[in-house]
>>> print(open('coords_20.cif').read())   # mmCIF, C-alpha atoms
data_entry
#
loop_
_atom_site.group_PDB
_atom_site.id
_atom_site.type_symbol
_atom_site.label_atom_id
_atom_site.label_comp_id
_atom_site.auth_asym_id
_atom_site.auth_seq_id
_atom_site.Cartn_x
_atom_site.Cartn_y
_atom_site.Cartn_z
ATOM 1 C CA MET A 1 -30.064 -34.695 -18.673
ATOM 2 C CA THR A 2 -29.098 -36.829 -15.702
ATOM 3 C CA ARG A 3 -27.899 -35.267 -12.479
ATOM 4 C CA ALA A 4 -24.430 -36.768 -12.936
ATOM 5 C CA ARG A 5 -24.181 -35.442 -16.465
ATOM 6 C CA ALA A 6 -25.321 -31.967 -15.350
ATOM 7 C CA ALA A 7 -22.676 -31.979 -12.629
ATOM 8 C CA GLY A 8 -20.080 -32.957 -15.208
ATOM 9 C CA VAL A 9 -21.106 -30.090 -17.484
ATOM 10 C CA VAL A 10 -20.865 -27.603 -14.611
ATOM 11 C CA LEU A 11 -17.480 -28.978 -13.563
ATOM 12 C CA GLY A 12 -16.207 -28.797 -17.115
ATOM 13 C CA ALA A 13 -17.393 -25.237 -17.572
ATOM 14 C CA THR A 14 -15.853 -24.199 -14.264
ATOM 15 C CA THR A 15 -12.548 -25.830 -15.135
ATOM 16 C CA ALA A 16 -12.501 -24.166 -18.562
ATOM 17 C CA ALA A 17 -13.232 -20.771 -17.008
ATOM 18 C CA ALA A 18 -10.470 -21.244 -14.426
ATOM 19 C CA LEU A 19 -7.961 -22.270 -17.093
ATOM 20 C CA GLY A 20 -8.995 -19.327 -19.225
ATOM 21 C CA ALA A 21 -8.524 -16.918 -16.332
ATOM 22 C CA LEU A 22 -5.124 -18.430 -15.506
ATOM 23 C CA THR A 23 -4.019 -18.182 -19.128
ATOM 24 C CA TRP A 24 -5.133 -14.544 -19.281
ATOM 25 C CA GLY A 25 -3.397 -13.727 -16.000
ATOM 26 C CA VAL A 26 -0.092 -15.359 -16.940
ATOM 27 C CA PHE A 27 0.231 -14.538 -20.631
ATOM 28 C CA VAL A 28 -1.735 -11.300 -21.040
ATOM 29 C CA GLU A 29 -2.499 -9.233 -17.955
ATOM 30 C CA ARG A 30 0.846 -9.801 -16.233
ATOM 31 C CA THR A 31 2.526 -7.738 -18.961
ATOM 32 C CA ARG A 32 -0.386 -5.409 -19.790
ATOM 33 C CA PHE A 33 1.505 -2.439 -18.410
ATOM 34 C CA THR A 34 -0.633 0.625 -17.764
ATOM 35 C CA VAL A 35 -0.279 4.218 -16.602
ATOM 36 C CA ARG A 36 -2.652 5.552 -13.966
ATOM 37 C CA HIS A 37 -3.038 9.343 -13.962
ATOM 38 C CA GLU A 38 -4.016 11.340 -10.893
ATOM 39 C CA VAL A 39 -4.421 15.123 -10.485
ATOM 40 C CA LEU A 40 -3.897 16.386 -6.928
ATOM 41 C CA PRO A 41 -4.750 20.027 -6.041
ATOM 42 C CA ILE A 42 -2.439 20.317 -3.022
ATOM 43 C CA LEU A 43 0.140 22.993 -3.897
ATOM 44 C CA GLU A 44 -0.006 26.599 -2.731
ATOM 45 C CA PRO A 45 -1.959 29.041 -4.923
ATOM 46 C CA GLY A 46 0.200 30.396 -7.715
ATOM 47 C CA ALA A 47 2.697 27.532 -7.611
ATOM 48 C CA ARG A 48 3.814 25.777 -10.784
ATOM 49 C CA SER A 49 2.437 22.287 -11.355
ATOM 50 C CA LEU A 50 4.668 19.355 -10.469
ATOM 51 C CA THR A 51 4.728 15.930 -12.152
ATOM 52 C CA ILE A 52 5.762 12.926 -10.044
ATOM 53 C CA LEU A 53 6.373 9.508 -11.584
ATOM 54 C CA HIS A 54 5.710 6.819 -8.981
ATOM 55 C CA LEU A 55 7.400 3.468 -9.701
ATOM 56 C CA SER A 56 7.150 0.430 -7.466
ATOM 57 C CA ASP A 57 7.659 -3.325 -7.227
ATOM 58 C CA LEU A 58 9.376 -3.962 -10.540
ATOM 59 C CA HIS A 59 10.771 -7.299 -9.273
ATOM 60 C CA MET A 60 13.055 -7.104 -12.284
ATOM 61 C CA ALA A 61 14.661 -10.084 -13.966
ATOM 62 C CA PRO A 62 17.235 -9.414 -16.693
ATOM 63 C CA TRP A 63 15.208 -11.028 -19.488
ATOM 64 C CA GLN A 64 12.068 -8.912 -18.912
ATOM 65 C CA ARG A 65 12.634 -6.605 -21.881
ATOM 66 C CA LYS A 66 8.981 -5.665 -22.333
ATOM 67 C CA LYS A 67 8.831 -4.316 -18.783
ATOM 68 C CA GLN A 68 12.114 -2.487 -19.271
ATOM 69 C CA ASP A 69 10.886 -0.932 -22.525
ATOM 70 C CA PHE A 70 7.689 0.214 -20.814
ATOM 71 C CA VAL A 71 9.598 1.932 -18.020
ATOM 72 C CA ARG A 72 11.901 3.573 -20.545
ATOM 73 C CA SER A 73 8.866 4.894 -22.428
ATOM 74 C CA LEU A 74 7.664 6.783 -19.339
ATOM 75 C CA VAL A 75 10.271 9.476 -19.985
ATOM 76 C CA ARG A 76 7.672 10.968 -22.359
ATOM 77 C CA TYR A 77 5.794 12.312 -19.338
ATOM 78 C CA GLU A 78 8.817 14.504 -18.514
ATOM 79 C CA PRO A 79 8.578 13.933 -14.749
ATOM 80 C CA ASP A 80 9.949 16.574 -12.420
ATOM 81 C CA LEU A 81 10.549 13.953 -9.733
ATOM 82 C CA ILE A 82 10.684 10.161 -9.643
ATOM 83 C CA VAL A 83 9.666 8.315 -6.477
ATOM 84 C CA ASP A 84 10.681 4.653 -6.332
ATOM 85 C CA THR A 85 9.020 2.729 -3.502
ATOM 86 C CA GLY A 86 11.168 -0.382 -3.641
ATOM 87 C CA ASP A 87 11.333 -4.055 -4.572
ATOM 88 C CA ASN A 88 13.229 -3.218 -7.733
ATOM 89 C CA LEU A 89 15.071 -6.530 -7.881
ATOM 90 C CA GLY A 90 13.515 -9.899 -8.622
ATOM 91 C CA HIS A 91 16.562 -11.927 -9.652
ATOM 92 C CA ILE A 92 20.235 -12.136 -8.757
ATOM 93 C CA ASP A 93 21.012 -10.370 -12.056
ATOM 94 C CA GLY A 94 18.030 -8.026 -11.871
ATOM 95 C CA LEU A 95 20.194 -4.908 -11.665
ATOM 96 C CA ALA A 96 21.092 -5.300 -15.350
ATOM 97 C CA GLY A 97 17.402 -4.887 -16.194
ATOM 98 C CA ILE A 98 17.016 -1.945 -13.807
ATOM 99 C CA ARG A 99 19.982 -0.193 -15.385
ATOM 100 C CA ARG A 100 18.448 -0.542 -18.836
ATOM 101 C CA ALA A 101 14.964 0.480 -17.661
ATOM 102 C CA PHE A 102 16.119 3.601 -15.772
ATOM 103 C CA GLU A 103 18.756 4.760 -18.272
ATOM 104 C CA PRO A 104 16.550 7.495 -19.837
ATOM 105 C CA PHE A 105 16.036 9.116 -16.412
ATOM 106 C CA HIS A 106 19.622 10.234 -15.876
ATOM 107 C CA GLY A 107 19.437 13.833 -14.703
ATOM 108 C CA VAL A 108 15.869 13.602 -13.400
ATOM 109 C CA PRO A 109 15.643 14.164 -9.614
ATOM 110 C CA GLY A 110 14.536 11.077 -7.726
ATOM 111 C CA VAL A 111 14.186 9.466 -4.316
ATOM 112 C CA PHE A 112 13.868 5.848 -3.241
ATOM 113 C CA VAL A 113 13.251 3.431 -0.407
ATOM 114 C CA HIS A 114 13.883 -0.302 -0.444
ATOM 115 C CA GLY A 115 11.613 -3.282 -0.049
ATOM 116 C CA SER A 116 12.848 -6.570 1.367
ATOM 117 C CA ASN A 117 13.144 -7.984 -2.150
ATOM 118 C CA ASP A 118 15.969 -5.551 -2.849
ATOM 119 C CA TYR A 119 17.947 -7.673 -0.368
ATOM 120 C CA HIS A 120 16.406 -11.110 -0.759
ATOM 121 C CA GLY A 121 15.705 -12.951 -3.991
ATOM 122 C CA PRO A 122 12.336 -14.625 -4.592
ATOM 123 C CA VAL A 123 11.662 -18.086 -3.232
ATOM 124 C CA LEU A 124 9.071 -20.657 -4.174
ATOM 125 C CA LYS A 125 6.166 -20.562 -1.715
ATOM 126 C CA ASN A 126 2.496 -21.449 -1.477
ATOM 127 C CA PRO A 127 0.578 -18.425 -2.855
ATOM 128 C CA PHE A 128 -2.532 -19.359 -0.847
ATOM 129 C CA ALA A 129 -0.581 -18.689 2.363
ATOM 130 C CA TYR A 130 -1.198 -14.960 1.846
ATOM 131 C CA PHE A 131 -4.862 -15.504 2.656
ATOM 132 C CA GLY A 132 -3.788 -16.362 6.197
ATOM 133 C CA GLY A 133 -2.284 -12.905 6.741
ATOM 134 C CA PRO A 134 0.943 -11.048 5.916
ATOM 135 C CA SER A 135 3.941 -13.214 5.148
ATOM 136 C CA GLY A 136 6.296 -13.788 8.062
ATOM 137 C CA ARG A 137 9.437 -11.997 9.154
ATOM 138 C CA LYS A 138 11.799 -14.955 8.986
ATOM 139 C CA GLN A 139 15.289 -13.493 8.814
ATOM 140 C CA ARG A 140 17.414 -14.418 5.811
ATOM 141 C CA GLN A 141 20.886 -13.465 4.754
ATOM 142 C CA PRO A 142 20.802 -11.000 1.845
ATOM 143 C CA ASP A 143 21.483 -12.730 -1.450
ATOM 144 C CA LEU A 144 20.940 -9.750 -3.773
ATOM 145 C CA ASP A 145 23.506 -7.004 -4.315
ATOM 146 C CA VAL A 146 21.691 -4.100 -2.687
ATOM 147 C CA ALA A 147 24.984 -2.219 -2.404
ATOM 148 C CA ALA A 148 25.350 -2.241 -6.202
ATOM 149 C CA LEU A 149 21.730 -1.121 -6.523
ATOM 150 C CA ASN A 150 22.433 1.771 -4.145
ATOM 151 C CA THR A 151 25.533 2.745 -6.101
ATOM 152 C CA PHE A 152 23.501 2.900 -9.285
ATOM 153 C CA LEU A 153 20.591 4.843 -7.783
ATOM 154 C CA ILE A 154 22.715 7.293 -5.764
ATOM 155 C CA ASP A 155 25.947 7.718 -7.714
ATOM 156 C CA ASP A 156 24.769 7.152 -11.286
ATOM 157 C CA LEU A 157 21.246 8.602 -11.156
ATOM 158 C CA GLY A 158 21.796 11.080 -8.323
ATOM 159 C CA TRP A 159 18.712 9.959 -6.396
ATOM 160 C CA LEU A 160 18.254 10.446 -2.654
ATOM 161 C CA ASP A 161 18.031 7.546 -0.200
ATOM 162 C CA LEU A 162 14.994 7.955 2.092
ATOM 163 C CA ASN A 163 15.324 4.719 4.057
ATOM 164 C CA ASN A 164 14.688 5.999 7.604
ATOM 165 C CA ALA A 165 15.902 9.410 6.490
ATOM 166 C CA ALA A 166 14.752 12.966 5.777
ATOM 167 C CA ARG A 167 16.034 15.006 2.828
ATOM 168 C CA ALA A 168 15.152 18.164 0.932
ATOM 169 C CA LEU A 169 14.924 19.203 -2.716
ATOM 170 C CA GLU A 170 14.503 22.561 -4.358
ATOM 171 C CA PHE A 171 13.851 22.984 -8.071
ATOM 172 C CA ARG A 172 11.507 24.832 -10.440
ATOM 173 C CA GLY A 173 10.314 27.041 -7.600
ATOM 174 C CA HIS A 174 9.372 24.120 -5.376
ATOM 175 C CA ARG A 175 10.602 23.466 -1.861
ATOM 176 C CA ILE A 176 10.055 19.828 -0.992
ATOM 177 C CA GLU A 177 10.676 18.049 2.299
ATOM 178 C CA LEU A 178 10.891 14.292 1.893
ATOM 179 C CA PHE A 179 11.003 11.684 4.616
ATOM 180 C CA GLY A 180 10.761 7.925 4.436
ATOM 181 C CA THR A 181 11.143 4.618 6.222
ATOM 182 C CA GLY A 182 12.725 1.239 5.740
ATOM 183 C CA ASP A 183 10.520 -1.718 4.875
ATOM 184 C CA ALA A 184 7.946 -2.070 7.657
ATOM 185 C CA HIS A 185 7.078 -5.560 6.423
ATOM 186 C CA ARG A 186 10.415 -6.706 7.834
ATOM 187 C CA GLY A 187 10.358 -4.365 10.817
ATOM 188 C CA TRP A 188 13.061 -2.161 9.300
ATOM 189 C CA ASP A 189 11.143 1.081 9.886
ATOM 190 C CA ARG A 190 12.640 3.328 12.575
ATOM 191 C CA LEU A 191 9.685 5.495 13.468
ATOM 192 C CA ASP A 192 11.192 6.624 16.768
ATOM 193 C CA ALA A 193 14.044 8.313 14.883
ATOM 194 C CA LEU A 194 11.844 9.997 12.286
ATOM 195 C CA PRO A 195 10.876 13.170 14.240
ATOM 196 C CA GLY A 196 14.497 13.921 15.070
ATOM 197 C CA ALA A 197 15.621 13.437 11.464
ATOM 198 C CA ILE A 198 12.922 15.804 10.203
ATOM 199 C CA GLU A 199 13.702 18.418 12.866
ATOM 200 C CA ALA A 200 17.410 18.272 12.027
ATOM 201 C CA LEU A 201 16.626 18.690 8.341
ATOM 202 C CA ARG A 202 14.541 21.802 8.966
ATOM 203 C CA GLU A 203 17.313 23.346 11.057
ATOM 204 C CA GLU A 204 19.932 22.542 8.407
ATOM 205 C CA VAL A 205 18.215 23.583 5.181
ATOM 206 C CA GLU A 206 18.280 27.217 4.093
ATOM 207 C CA TRP A 207 15.636 27.704 1.445
ATOM 208 C CA ASP A 208 16.046 30.082 -1.482
ATOM 209 C CA ALA A 209 13.831 33.104 -0.872
ATOM 210 C CA ASP A 210 12.300 32.740 -4.344
ATOM 211 C CA ALA A 211 11.203 29.153 -3.791
ATOM 212 C CA ARG A 212 7.464 29.250 -3.100
ATOM 213 C CA ALA A 213 5.577 25.994 -2.806
ATOM 214 C CA VAL A 214 6.277 23.800 0.204
ATOM 215 C CA LEU A 215 5.369 20.132 -0.216
ATOM 216 C CA LYS A 216 5.959 17.472 2.413
ATOM 217 C CA LEU A 217 6.223 14.012 0.889
ATOM 218 C CA GLY A 218 6.262 10.736 2.831
ATOM 219 C CA VAL A 219 7.710 7.632 1.157
ATOM 220 C CA THR A 220 7.581 4.012 2.291
ATOM 221 C CA HIS A 221 7.504 0.559 0.769
ATOM 222 C CA ALA A 222 4.916 -1.334 2.800
ATOM 223 C CA PRO A 223 1.902 0.778 3.868
ATOM 224 C CA TYR A 224 1.432 -0.508 7.392
ATOM 225 C CA ARG A 225 -0.929 1.561 9.515
ATOM 226 C CA ARG A 226 1.758 2.510 12.037
ATOM 227 C CA VAL A 227 3.940 3.926 9.262
ATOM 228 C CA LEU A 228 1.118 5.821 7.582
ATOM 229 C CA ASP A 229 0.091 7.282 10.936
ATOM 230 C CA ALA A 230 3.656 8.368 11.671
ATOM 231 C CA LEU A 231 4.231 9.965 8.268
ATOM 232 C CA THR A 232 0.868 11.735 8.434
ATOM 233 C CA ASN A 233 1.463 13.036 11.932
ATOM 234 C CA GLN A 234 4.893 14.343 10.892
ATOM 235 C CA GLY A 235 3.167 16.597 8.381
ATOM 236 C CA ALA A 236 3.169 14.654 5.118
ATOM 237 C CA ASP A 237 0.809 16.144 2.530
ATOM 238 C CA LEU A 238 1.165 13.077 0.303
ATOM 239 C CA ILE A 239 2.385 9.548 1.039
ATOM 240 C CA LEU A 240 3.550 7.128 -1.663
ATOM 241 C CA ALA A 241 3.795 3.366 -1.099
ATOM 242 C CA GLY A 242 3.821 0.028 -2.902
ATOM 243 C CA HIS A 243 4.236 -3.573 -1.689
ATOM 244 C CA THR A 244 0.618 -4.743 -2.001
ATOM 245 C CA HIS A 245 0.663 -5.379 -5.777
ATOM 246 C CA GLY A 246 -2.905 -4.095 -5.532
ATOM 247 C CA GLY A 247 -3.857 -7.584 -4.401
ATOM 248 C CA GLN A 248 -2.370 -9.015 -7.647
ATOM 249 C CA VAL A 249 -5.275 -11.431 -8.174
ATOM 250 C CA ARG A 250 -8.655 -9.787 -7.667
ATOM 251 C CA ILE A 251 -12.344 -10.251 -8.320
ATOM 252 C CA PRO A 252 -13.460 -7.498 -10.706
ATOM 253 C CA GLY A 253 -15.312 -4.711 -8.936
ATOM 254 C CA LEU A 254 -14.274 -5.786 -5.439
ATOM 255 C CA PRO A 255 -11.479 -4.596 -3.125
ATOM 256 C CA ALA A 256 -8.228 -6.510 -2.967
ATOM 257 C CA LEU A 257 -8.586 -9.979 -1.491
ATOM 258 C CA VAL A 258 -5.222 -9.715 0.294
ATOM 259 C CA THR A 259 -2.789 -6.863 0.998
ATOM 260 C CA ASN A 260 0.190 -8.635 2.655
ATOM 261 C CA CYS A 261 0.085 -5.944 5.359
ATOM 262 C CA ASP A 262 -2.529 -4.401 7.637
ATOM 263 C CA ILE A 263 -3.811 -1.609 5.379
ATOM 264 C CA PRO A 264 -7.585 -1.819 4.731
ATOM 265 C CA ARG A 265 -8.237 -3.840 1.571
ATOM 266 C CA ARG A 266 -10.124 -0.965 -0.060
ATOM 267 C CA GLN A 267 -6.930 1.147 0.122
ATOM 268 C CA ALA A 268 -4.557 -1.486 -1.255
ATOM 269 C CA GLN A 269 -4.377 0.332 -4.582
ATOM 270 C CA GLY A 270 -5.084 3.837 -5.788
ATOM 271 C CA LEU A 271 -5.488 7.295 -4.322
ATOM 272 C CA SER A 272 -7.282 7.764 -1.011
ATOM 273 C CA ALA A 273 -7.162 9.793 2.194
ATOM 274 C CA TRP A 274 -5.329 8.509 5.257
ATOM 275 C CA ASP A 275 -6.473 9.852 8.622
ATOM 276 C CA GLY A 276 -3.767 9.944 11.265
ATOM 277 C CA GLN A 277 -4.311 10.756 14.914
ATOM 278 C CA ARG A 278 -3.885 14.515 14.383
ATOM 279 C CA ARG A 279 -4.294 15.209 10.665
ATOM 280 C CA SER A 280 -4.908 13.637 7.241
ATOM 281 C CA ALA A 281 -2.790 13.064 4.153
ATOM 282 C CA LEU A 282 -3.351 11.854 0.627
ATOM 283 C CA LEU A 283 -2.145 8.290 0.089
ATOM 284 C CA ASN A 284 -1.190 6.715 -3.220
ATOM 285 C CA VAL A 285 -0.552 2.968 -3.215
ATOM 286 C CA SER A 286 0.779 1.592 -6.479
ATOM 287 C CA ALA A 287 -0.127 -1.878 -7.714
ATOM 288 C CA GLY A 288 3.437 -2.052 -9.000
ATOM 289 C CA LEU A 289 4.866 -3.308 -12.257
ATOM 290 C CA GLY A 290 6.053 -6.810 -11.444
ATOM 291 C CA THR A 291 5.455 -10.110 -9.747
ATOM 292 C CA SER A 292 7.660 -12.779 -8.268
ATOM 293 C CA ILE A 293 9.118 -14.998 -10.986
ATOM 294 C CA TYR A 294 7.533 -17.875 -9.031
ATOM 295 C CA ALA A 295 4.030 -16.340 -9.125
ATOM 296 C CA PRO A 296 3.862 -14.752 -12.600
ATOM 297 C CA VAL A 297 0.158 -13.979 -12.723
ATOM 298 C CA ARG A 298 -2.178 -10.996 -12.347
ATOM 299 C CA PHE A 299 -5.929 -10.918 -12.718
ATOM 300 C CA ALA A 300 -8.202 -7.853 -12.646
ATOM 301 C CA CYS A 301 -5.155 -5.930 -11.409
ATOM 302 C CA ALA A 302 -2.932 -4.813 -14.268
ATOM 303 C CA PRO A 303 0.635 -3.714 -13.518
ATOM 304 C CA GLU A 304 0.922 0.043 -13.303
ATOM 305 C CA ALA A 305 3.101 3.101 -13.108
ATOM 306 C CA VAL A 306 1.471 6.215 -11.667
ATOM 307 C CA VAL A 307 1.798 9.764 -12.975
ATOM 308 C CA LEU A 308 0.766 12.265 -10.309
ATOM 309 C CA THR A 309 0.198 15.850 -11.418
ATOM 310 C CA LEU A 310 0.274 18.181 -8.424
ATOM 311 C CA VAL A 311 -1.487 21.496 -9.038
ATOM 312 C CA PRO A 312 -2.374 24.513 -6.859
ATOM 313 C CA VAL A 313 -5.392 24.425 -4.582
ATOM 314 C CA GLY A 314 -8.386 25.770 -6.500
ATOM 315 C CA TYR A 315 -7.007 24.658 -9.857
ATOM 316 C CA PRO A 316 -9.956 24.383 -12.283
#
>>> encode(input="coords_20.cif", output="structure tokens")
Amino acid sequence: MTRARAAGVVLGATTAAALGALTWGVFVERTRFTVRHEVLPILEPGARSLTILHLSDLHMAPWQRKKQDFVRSLVRYEPDLIVDTGDNLGHIDGLAGIRRAFEPFHGVPGVFVHGSNDYHGPVLKNPFAYFGGPSGRKQRQPDLDVAALNTFLIDDLGWLDLNNAARALEFRGHRIELFGTGDAHRGWDRLDALPGAIEALREEVEWDADARAVLKLGVTHAPYRRVLDALTNQGADLILAGHTHGGQVRIPGLPALVTNCDIPRRQAQGLSAWDGQRRSALLNVSAGLGTSIYAPVRFACAPEAVVLTLVPVGYP
């Protein structure tokens, strides 16, 4: 075989492999919705277990019925609490899909923060730009109806807004403090106000004497180091975040190639420990369930919802 012919064979094989991977990523893995299960022994001894459903980055368009049906099916896990870490909308009419997807969860306690894509619709951009670092903070006028999204989440579902806020929940014998931030990717986090909000919450809330387990939960969209440090240092036992898409396109067996923030690549998806300046917290970063409609591909990083089962310390 001549050198030119050998080079042609290699080029052809490489091209075929690339096309095969692209086809898989666009037509198969992008909608290969999965559930990741984690068991976390962090509650007080004797406390009842607690199931949290973590949803993130749906980037919903109204025609995405398969994604909507998957989210609807998650009601079978009977979550005690739903935590939504933002970027629900992916189209100007995306709220119609969110309404259908979340309909079975009426009556289930929930909390949420927003990502920037709950305000701004997707735009066509060069996907390779992410390899140069996190996308920029160019200010845009909101073109998605975040007010209607808030009305649905707060008024219809009864969920709590944790964007730069601290709230409390008590149910099934659990006392839960929750505090969150706005999207740090756009500089909407207000970390200087967080300690005061948490202190005010603790002065305001009068816990039922029978409520036993105390859990402190931090919630944010984009897991920037400054936010994770702040939530950890304010006492969070567990922090939930999204935004990274787990890298979205990965090399099997390796950490995420990009994170679109400053979190270490090895922590761009999954459960890990985050060490703040004074203490540590568990961190769960979801790979999310969607993609931009202009970059509809995943590879070696299936879309996911996360079911977290919190159990008492020492649970067998």
>>> atom_distance(input="coords_20.cif", atom1="atom CA of Trp274 of chain A", atom2="atom CA of Leu240 of chain A")
11.3 Å
>>> residues_around(input="coords_20.cif", residues="Arg298 of chain A", least_positions_apart="5", cutoff="6 Å", atoms="only C-alpha atoms", output="compact mmCIF listing (two decimals) with C-alpha atoms, in the frame of the given file")
# COMPACT_ATOMS: atom_id res chain seq x y z
CA GLY A 25 -3.40 -13.73 -16.00
CA GLU A 29 -2.50 -9.23 -17.95
CA ARG A 30 0.85 -9.80 -16.23
CA GLN A 248 -2.37 -9.02 -7.65
CA VAL A 249 -5.28 -11.43 -8.17
>>> closest_residue(input="coords_20.cif", among="A:Asp262, A:Asp210, A:Asp229, A:Asp69", to="Ser135 of chain A", atoms="all atoms listed in the file")
A:Asp262
>>> resolve_selection(input="coords_20.cif", expression="the PyMOL selection byres ((chain A and resi 283) around 10)", output="list in words")
Gly218, Val219, Pro223, Leu228, Thr232, Ala236, Asp237, Leu238, Ile239, Leu240, Ala241, Gln267, Gln269, Gly270, Leu271, Ser272, Ala273, Trp274, Asp275, Ser280, Ala281, Leu282, Asn284, Val285 and Ser286 of chain A
>>> atom_distance(input="coords_20.cif", atom1="atom CA of Gly46 of chain A", atom2="atom CA of Leu160 of chain A")
27.4 Å
>>> atom_distance(input="coords_20.cif", atom1="atom CA of Gly288 of chain A", atom2="atom CA of Leu55 of chain A")
6.8 Å
>>> residues_around(input="coords_20.cif", residues="Glu78 of chain A", least_positions_apart="4", cutoff="10 Å", atoms="all atoms listed in the file", output="list in words")
Thr51, Ile52, Leu53, Leu74, Phe105 and Val108 of chain A
>>> resolve_selection(input="coords_20.cif", expression="the PyMOL selection byres ((chain A and resi 213) around 12)", output="ChimeraX atom specification")
/A:42-50,169-177,207-212,214-216,310-313
